[in-house]
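Q: Just one file: final22.txt, with compact mmCIF, C-alpha atoms.
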# COMPACT_ATOMS: atom_id res chain seq x y z
CA MET A 1 71.10 87.46 74.65
CA ALA A 2 71.62 85.93 78.08
CA ASP A 3 74.97 84.51 76.98
CA LEU A 4 76.34 87.85 75.77
CA PRO A 5 78.85 89.68 78.02
CA LYS A 6 77.37 92.42 80.18
CA THR A 7 78.88 95.65 81.41
CA LEU A 8 79.59 96.38 85.04
CA PRO A 9 76.66 98.19 86.70
CA ALA A 10 76.72 101.98 86.77
CA SER A 11 77.04 101.84 90.56
CA TRP A 12 80.61 100.58 90.07
CA TYR A 13 81.48 103.95 88.54
CA ARG A 14 80.22 106.11 91.41
CA SER A 15 80.18 104.11 94.67
CA LEU A 16 82.81 105.19 97.20
CA PRO A 17 82.84 101.86 99.15
CA LEU A 18 83.24 99.98 95.85
CA HIS A 19 85.99 102.39 94.80
CA GLN A 20 87.88 101.70 98.03
CA LEU A 21 87.40 97.96 97.60
CA GLU A 22 88.76 98.17 94.04
CA ARG A 23 91.89 99.88 95.32
CA ARG A 24 92.70 96.92 97.56
CA ALA A 25 91.48 94.24 95.16
CA VAL A 26 92.94 95.54 91.89
CA PHE A 27 95.52 98.28 92.28
CA MET A 28 97.52 96.94 95.21
CA LYS A 29 98.07 93.68 93.33
CA ALA A 30 99.18 94.94 89.91
CA TRP A 31 102.25 96.09 87.97
CA TYR A 32 102.48 99.51 86.33
CA LEU A 33 104.33 100.84 83.32
CA LEU A 34 106.46 103.83 84.35
CA GLY A 35 108.35 104.34 81.10
CA PRO A 36 111.47 103.68 79.03
CA VAL A 37 114.92 104.16 80.55
CA THR A 38 115.16 107.44 78.62
CA ARG A 39 112.66 108.89 81.11
CA PHE A 40 115.23 108.57 83.89
CA GLN A 41 118.32 110.54 82.94
CA GLY A 42 120.23 110.26 86.21
CA GLY A 43 122.34 113.03 87.63
CA GLY A 44 120.42 112.98 90.91
CA ASP A 45 117.11 113.97 89.30
CA ASP A 46 114.22 111.82 90.47
CA VAL A 47 110.90 111.27 88.70
CA LYS A 48 107.68 111.18 90.71
CA TYR A 49 104.49 109.20 90.13
CA GLU A 50 101.21 108.75 91.95
CA ILE A 51 99.20 105.58 91.34
CA ALA A 52 96.04 104.84 93.33
CA GLN A 53 97.11 107.42 95.92
CA VAL A 54 100.53 105.79 96.37
CA GLN A 55 103.44 108.11 95.61
CA LEU A 56 106.57 106.67 94.00
CA ILE A 57 110.01 108.11 93.31
CA VAL A 58 112.24 106.74 90.55
CA LEU A 59 115.95 107.48 90.54
CA ARG A 60 118.77 106.41 88.23
CA ARG A 61 121.72 105.99 90.58
CA SER A 62 124.63 105.99 88.14
CA SER A 63 125.63 106.43 84.51
CA ASP A 64 124.34 102.91 83.89
CA ALA A 65 120.91 103.37 82.28
CA ARG A 66 119.66 100.18 83.95
CA ASP A 67 120.74 101.18 87.47
CA ILE A 68 117.28 102.34 88.53
CA VAL A 69 115.55 102.14 91.90
CA VAL A 70 111.89 102.80 92.74
CA THR A 71 110.89 103.79 96.27
CA ASN A 72 107.69 104.58 98.12
CA ALA A 73 107.82 108.37 98.66
CA THR A 74 106.00 108.11 101.99
CA THR A 75 107.92 105.27 103.65
CA GLY A 76 111.23 105.60 101.78
CA GLU A 77 111.24 101.85 101.23
CA GLU A 78 112.22 100.34 97.88
CA VAL A 79 109.37 98.70 95.99
CA ARG A 80 109.72 95.90 93.48
CA SER A 81 110.42 97.01 89.93
CA TYR A 82 111.29 95.25 86.70
CA LEU A 83 113.25 96.52 83.69
CA THR A 84 112.63 94.60 80.48
CA GLU A 85 115.42 93.75 78.06
CA SER A 86 113.88 96.21 75.62
CA GLY A 87 114.20 99.05 78.15
CA LEU A 88 110.76 99.50 79.78
CA LEU A 89 110.46 100.00 83.54
CA PHE A 90 107.50 98.52 85.43
CA SER A 91 106.80 98.83 89.15
CA THR A 92 104.49 97.64 91.90
CA ILE A 93 102.96 99.85 94.58
CA SER A 94 102.64 97.20 97.29
CA ALA A 95 104.09 93.87 98.37
CA GLU A 96 100.77 92.18 97.56
CA ALA A 97 101.49 92.03 93.82
CA PRO A 98 102.81 88.75 92.33
CA THR A 99 106.10 88.66 90.45
CA PHE A 100 106.35 90.44 87.09
CA LYS A 101 106.63 87.12 85.25
CA GLU A 102 103.50 85.83 86.98
CA PHE A 103 101.54 88.98 86.19
CA PHE A 104 102.74 89.30 82.56
CA PRO A 105 103.90 85.78 81.56
CA ASP A 106 103.77 86.34 77.79
CA LEU A 107 104.43 90.08 77.46
CA GLU A 108 108.17 90.44 76.88
CA PRO A 109 108.37 88.77 73.43
CA LEU A 110 105.92 91.39 72.18
CA LEU A 111 107.86 94.25 73.78
CA ALA A 112 111.05 92.99 72.13
CA ARG A 113 109.74 94.35 68.82
CA VAL A 114 110.74 97.87 69.92
CA ASP A 115 114.07 99.21 71.26
CA PHE A 116 112.71 101.64 73.83
CA THR A 117 116.20 102.84 74.71
CA LYS A 118 116.19 104.70 71.37
CA LEU A 119 113.07 106.77 72.10
CA PRO A 120 114.10 110.08 73.74
CA PHE A 121 111.80 111.52 76.38
CA ARG A 122 110.19 114.81 75.28
CA ARG A 123 107.31 115.86 77.51
CA THR A 124 104.99 114.92 80.38
CA ILE A 125 101.64 116.39 81.43
CA ALA A 126 99.04 115.55 84.07
CA TYR A 127 95.56 116.76 84.93
CA GLU A 128 92.33 115.56 86.53
CA GLY A 129 89.06 114.63 84.84
CA LYS A 130 85.55 114.27 86.22
CA PHE A 131 85.14 110.57 85.52
CA ASN A 132 85.81 107.19 87.09
CA TRP A 133 89.03 105.44 86.03
CA LYS A 134 87.02 102.64 84.37
CA THR A 135 85.19 105.16 82.18
CA MET A 136 88.48 105.97 80.45
CA ILE A 137 89.55 102.32 80.16
CA ASP A 138 86.15 101.46 78.66
CA GLY A 139 86.87 103.93 75.86
CA TYR A 140 90.44 102.79 75.26
CA GLN A 141 89.54 99.10 75.13
CA GLU A 142 87.23 99.42 72.12
CA CYS A 143 87.13 101.38 68.88
CA LEU A 144 83.43 101.35 68.01
CA HIS A 145 83.38 105.07 68.77
CA CYS A 146 86.57 105.92 66.86
CA ALA A 147 84.99 106.92 63.55
CA TYR A 148 82.84 109.51 65.32
CA THR A 149 85.09 110.85 68.07
CA HIS A 150 88.53 110.33 66.49
CA PRO A 151 88.14 111.26 62.81
CA SER A 152 91.82 112.16 62.38
CA PHE A 153 92.99 108.88 63.97
CA SER A 154 90.53 106.87 61.88
CA VAL A 155 92.10 108.17 58.67
CA PHE A 156 95.29 106.26 59.50
CA TYR A 157 93.70 103.38 61.46
CA PRO A 158 90.19 102.56 60.11
CA PRO A 159 88.00 101.14 62.92
CA ALA A 160 86.44 98.62 60.53
CA PHE A 161 89.60 96.49 60.82
CA TYR A 162 90.39 97.28 64.44
CA THR A 163 90.93 94.13 66.55
CA VAL A 164 91.80 93.57 70.20
CA TYR A 165 93.71 90.45 71.27
CA ASN A 166 93.52 89.75 75.01
CA HIS A 167 96.34 88.08 76.95
CA ILE A 168 97.03 87.53 80.63
CA ASN A 169 96.73 91.03 82.15
CA PHE A 170 97.23 92.93 78.92
CA SER A 171 95.60 93.54 75.55
CA GLN A 172 97.16 94.17 72.15
CA HIS A 173 95.27 96.48 69.81
CA VAL A 174 95.85 95.84 66.11
CA ALA A 175 94.58 98.51 63.71
CA ASP A 176 94.77 96.23 60.67
CA PRO A 177 95.26 92.44 61.07
CA LYS A 178 96.95 92.43 57.65
CA LYS A 179 99.60 94.80 59.03
CA PRO A 180 100.39 93.46 62.51
CA GLU A 181 103.74 95.31 62.59
CA ASP A 182 102.14 98.72 61.93
CA GLY A 183 102.44 100.29 65.37
CA LEU A 184 102.31 98.75 68.83
CA PHE A 185 99.24 99.55 70.92
CA LEU A 186 99.03 97.91 74.34
CA TYR A 187 96.80 98.12 77.39
CA PHE A 188 98.27 96.91 80.68
CA PHE A 189 95.70 95.91 83.30
CA PRO A 190 94.45 97.79 85.17
CA ASN A 191 95.26 101.36 84.04
CA CYS A 192 98.32 101.84 81.78
CA THR A 193 98.72 102.11 78.02
CA LEU A 194 101.56 102.21 75.50
CA ASN A 195 101.16 103.49 71.94
CA VAL A 196 104.11 103.34 69.52
CA TYR A 197 103.52 104.79 66.05
CA GLY A 198 104.51 107.69 63.84
CA GLY A 199 108.11 107.75 65.02
CA GLY A 200 107.11 108.27 68.63
CA MET A 201 105.55 106.75 71.69
CA SER A 202 102.89 107.99 74.05
CA SER A 203 101.82 106.33 77.27
CA PHE A 204 99.30 107.24 79.91
CA ARG A 205 98.27 106.11 83.35
CA VAL A 206 94.64 106.39 84.49
CA CYS A 207 95.08 107.03 88.21
CA PRO A 208 92.10 106.89 90.56
CA THR A 209 91.95 109.58 93.22
CA ALA A 210 90.16 109.23 96.57
CA ASP A 211 86.97 110.37 94.79
CA PRO A 212 85.40 107.70 92.52
CA GLY A 213 84.23 110.44 90.15
CA VAL A 214 87.65 112.07 89.70
CA THR A 215 90.63 110.54 87.90
CA ARG A 216 94.15 111.83 87.41
CA MET A 217 95.53 111.40 83.89
CA GLU A 218 99.31 111.22 83.49
CA PHE A 219 100.82 111.33 79.98
CA ASP A 220 104.42 110.84 78.79
CA TYR A 221 105.63 111.52 75.25
CA TYR A 222 108.72 110.22 73.45
CA HIS A 223 109.92 110.83 69.91
CA VAL A 224 112.99 110.41 67.73
CA GLU A 225 112.47 113.95 66.38
CA THR A 226 112.59 117.38 68.01
CA GLY A 227 111.25 120.78 67.01
CA GLU A 228 108.38 121.05 64.54
CA LYS A 229 108.26 117.34 63.72
CA PHE A 230 107.74 116.44 67.35
CA GLU A 231 105.20 119.24 67.80
CA GLU A 232 103.17 117.91 64.87
CA TYR A 233 103.14 114.45 66.44
CA TYR A 234 102.30 115.92 69.85
CA LYS A 235 99.42 117.98 68.47
CA PHE A 236 97.95 114.90 66.81
CA VAL A 237 98.11 112.61 69.85
CA ARG A 238 96.86 115.36 72.18
CA GLN A 239 93.84 115.88 69.96
CA VAL A 240 92.95 112.19 70.28
CA ALA A 241 93.48 112.36 74.06
CA MET A 242 91.22 115.39 74.49
CA GLU A 243 88.51 113.82 72.36
CA ASP A 244 88.52 110.86 74.75
CA PHE A 245 88.61 113.20 77.76
CA GLU A 246 85.47 115.06 76.69
CA LEU A 247 83.68 111.80 75.88
CA CYS A 248 84.52 110.36 79.32
CA GLU A 249 83.27 113.39 81.22
CA LYS A 250 79.95 113.24 79.33
CA ALA A 251 79.63 109.48 79.89
CA GLN A 252 80.36 109.86 83.62
CA ALA A 253 77.72 112.59 83.91
CA ASN A 254 75.13 110.17 82.56
CA LEU A 255 76.33 107.44 84.94
CA GLU A 256 75.97 109.84 87.87
CA LYS A 257 72.42 110.81 86.83
CA GLY A 258 71.28 107.18 86.69
CA ILE A 259 70.39 107.34 83.00
CA TYR A 260 72.25 104.09 82.39
CA ASN A 261 72.59 101.06 84.66
CA GLU A 262 73.79 97.99 82.78
CA GLY A 263 74.06 96.90 79.16
CA ILE A 264 75.27 94.23 76.75
CA LEU A 265 78.73 94.36 75.16
CA ASN A 266 79.34 93.67 71.48
CA PRO A 267 80.81 90.11 71.47
CA ILE A 268 83.14 90.97 68.57
CA LYS A 269 84.03 94.64 68.84
CA GLU A 270 84.07 95.03 72.63
CA THR A 271 86.06 91.98 73.72
CA GLY A 272 88.68 94.27 75.24
CA VAL A 273 86.09 95.89 77.49
CA ALA A 274 84.65 92.52 78.53
CA PHE A 275 88.16 91.22 79.24
CA TYR A 276 89.20 93.93 81.68
CA GLN A 277 85.77 94.36 83.31
CA GLN A 278 85.52 90.65 84.06
CA GLU A 279 88.98 90.78 85.63
CA VAL A 280 87.91 93.70 87.84
CA LEU A 281 84.73 91.81 88.78
CA LYS A 282 86.65 88.66 89.67
CA LEU A 283 89.22 90.48 91.81
CA VAL A 284 86.65 92.62 93.63
CA LEU A 285 84.47 89.63 94.51
CA SER A 286 87.52 87.71 95.70
CA GLN A 287 88.62 90.64 97.88
CA HIS A 288 85.12 91.01 99.31
CA GLU A 289 85.10 87.34 100.26
CA ALA A 290 88.55 87.65 101.84
CA ASP A 291 87.48 90.73 103.80
CA THR A 292 84.33 88.97 104.99
CA TRP A 293 86.33 85.97 106.20
CA SER A 294 88.85 88.21 107.93
CA THR A 295 86.18 90.29 109.67
CA TYR A 296 83.57 87.68 110.54
CA GLY A 297 85.39 84.39 110.26
CA ILE A 298 83.01 83.16 107.57
CA ALA A 299 84.41 80.49 105.25
CA THR A 300 82.96 81.71 101.96
CA SER A 301 84.03 78.61 100.06
CA THR A 302 81.30 76.70 101.87
CA THR A 303 79.01 79.53 102.96
CA THR A 304 77.07 81.94 100.77
CA VAL A 305 77.81 85.53 101.76
CA LYS A 306 75.48 88.25 100.47
CA ALA A 307 77.33 90.91 98.50
CA PRO A 308 76.91 94.41 99.93
CA ASP A 309 74.43 96.72 98.23
CA PHE A 310 77.14 98.94 96.74
CA LEU A 311 78.27 96.10 94.49
CA GLY A 312 75.03 96.38 92.56
CA PRO A 313 73.22 93.68 90.55
CA ILE A 314 76.25 91.74 89.33
CA GLU A 315 76.61 88.29 87.82
CA ALA A 316 79.84 86.50 88.67
Could you quickly redo this structure as structure tokens?

A:
Amino acid sequence: MADLPKTLPASWYRSLPLHQLERRAVFMKAWYLLGPVTRFQGGGDDVKYEIAQVQLIVLRRSSDARDIVVTNATTGEEVRSYLTESGLLFSTISAEAPTFKEFFPDLEPLLARVDFTKLPFRRTIAYEGKFNWKTMIDGYQECLHCAYTHPSFSVFYPPAFYTVYNHINFSQHVADPKKPEDGLFLYFFPNCTLNVYGGGMSSFRVCPTADPGVTRMEFDYYHVETGEKFEEYYKFVRQVAMEDFELCEKAQANLEKGIYNEGILNPIKETGVAFYQQEVLKLVLSQHEADTWSTYGIATSTTTVKAPDFLGPIEA
């Protein structure tokens, strides 16, 4: 049992100092999926985002669908963005992030399976939930709960065959290994998803607010159809989203009450959870060491520095 992967402690889902440390360690150093080029129609209309309390503005500057610029809404400065050959726009929120190719070295061949320029934008919605951002990612990164909380989804994608393949900074979810081309389900570390199936695409961003117990959910929907056919698709994917939303709020309530502290992850069915949680752990510990060196001049490579209490009983 000692060799099995463990969850992050419950304190990591409610501690404000840890939440602020995560923002510097994880979110300032990542790339984020903003959407296909069809989201940005030009004509002077900009599209706004907020990721980890950083506001972005995206503008298509001409009739060229690839002539897109992303700026920081507060400073007005352009931030680094990357548009894939298949038509997906990714962006950073700070200069601390590595290059796109360094962050996602083996992602583009997988994205090339879909021509995202052919998926018209239909709708966007956003709202807040009473849960930590990791609570939602925990649920997305496994499907042990799918048969119980997503009965309609499980009809089309039985959880018995559900497999998660982890790569550098992203995971691919495969509903049936015998049908690897049936849909494209991706998680981009730390907080973005992409789900292509049923003639459409949905994506969401799990955006932490200043409160560790409140998260802003941002959803975008694309589909080749309009009218009733799109509404049927939209109703289906929204049902799955709300099932997850309710589950996350209940899970967070238990985390806040101290009912749960730390547990063991299923080594087969929860590899996606272990993958992203270990990445968060690694980055947070590294940031804590860097902050300690900067503040106190302590060389942590040769000196043991006690982790602060808010980090909880972790095992690096």

Q: So that each row is one residue of region 51-160 of chain A with an atom at most 7 Å from region 214-227 of chain A, can you give its shortest atom pair and the distance in Å to one decimal, using all atoms listed in the file, rows by chain and rising number, as CSV?

A:
residue,atom,partner,partner_atom,distance
A:Leu119,CA,A:His223,CA,5.6
A:Pro120,CA,A:Tyr222,CA,5.4
A:Phe121,CA,A:Tyr222,CA,4.4
A:Arg122,CA,A:Tyr222,CA,5.2
A:Arg123,CA,A:Tyr221,CA,5.2
A:Thr124,CA,A:Asp220,CA,4.4
A:Ile125,CA,A:Phe219,CA,5.3
A:Ala126,CA,A:Glu218,CA,4.4
A:Tyr127,CA,A:Met217,CA,5.5
A:Glu128,CA,A:Arg216,CA,4.2
A:Gly129,CA,A:Thr215,CA,5.3
A:Lys130,CA,A:Val214,CA,4.6
A:Phe131,CA,A:Val214,CA,5.1
A:Asn132,CA,A:Val214,CA,5.8
A:Trp133,CA,A:Thr215,CA,5.7

Q: Do a neighbour search on region 34-38 of chain A at 6 Å with all atoms listed in the file, toss out local chain neighbours closer than 6 positions, and write the hits as a ChimeraX atom specification.

A: /A:87-90,116,120-121

Q: Go through A:Thr71, A:Gly199, A:Phe245, A:Val47 one by one, measure the shortest atom-to-atom distance of each to Lys229 (chain A) using all atoms listed in the file, and give the residue with the smallest value.

A: A:Gly199

Q: Smallest atom-to-atom distance to Lys257 (chain A): which of A:Ser63, A:Thr84, A:Ser11, A:Thr75, using all atoms listed in the file?

A: A:Ser11

Q: Give the answer as one residue: which of A:Glu243, A:Asp176, A:Glu108, A:Asp138 has the shortest atom-to-atom distance to Tyr13 (chain A), using all atoms listed in the file?

A: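 Going through A:Glu243, A:Asp176, A:Glu108, A:Asp138 one by one, the smallest distance to Tyr13 (chain A) is for A:Asp138.
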
Q: Select, from A:Phe204, A:Phe103, A:Trp293, A:Tyr165, the residue with the minimum atom-to-atom distance to Ala274 (chain A), counting only C-alpha atoms.

A: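 For Ala274 (chain A), the nearest of the given residues is A:Tyr165.
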
Q: Quick one: contact table of region 232-272 of chain A to region 166-174 of chain A, 12 Å max, nearest atom pair and distance in Å to one decimal per residue, counting all atoms listed in the file, chain and number order, as CSV?

A:
residue,atom,partner,partner_atom,distance
A:Lys269,CA,A:His173,CA,11.4
A:Glu270,CA,A:Asn166,CA,11.1
A:Thr271,CA,A:Asn166,CA,7.9
A:Gly272,CA,A:Asn166,CA,6.6

Q: Find the residue from A:Pro109, A:Pro190, A:Gly139, A:Pro17 that sits nearest to Gln278 (chain A); use only C-alpha atoms when measuring.

A: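 Selected residue with least distance to Gln278 (chain A): A:Pro190.
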
Q: Which of these residues is nearest to Ile51 (chain A), using all atoms listed in the file: A:Phe188, A:Ala251, A:Arg205, A:Glu77?

A: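 Checking each of A:Phe188, A:Ala251, A:Arg205, A:Glu77 against Ile51 (chain A), counting all atoms listed in the file, the winner is A:Arg205.
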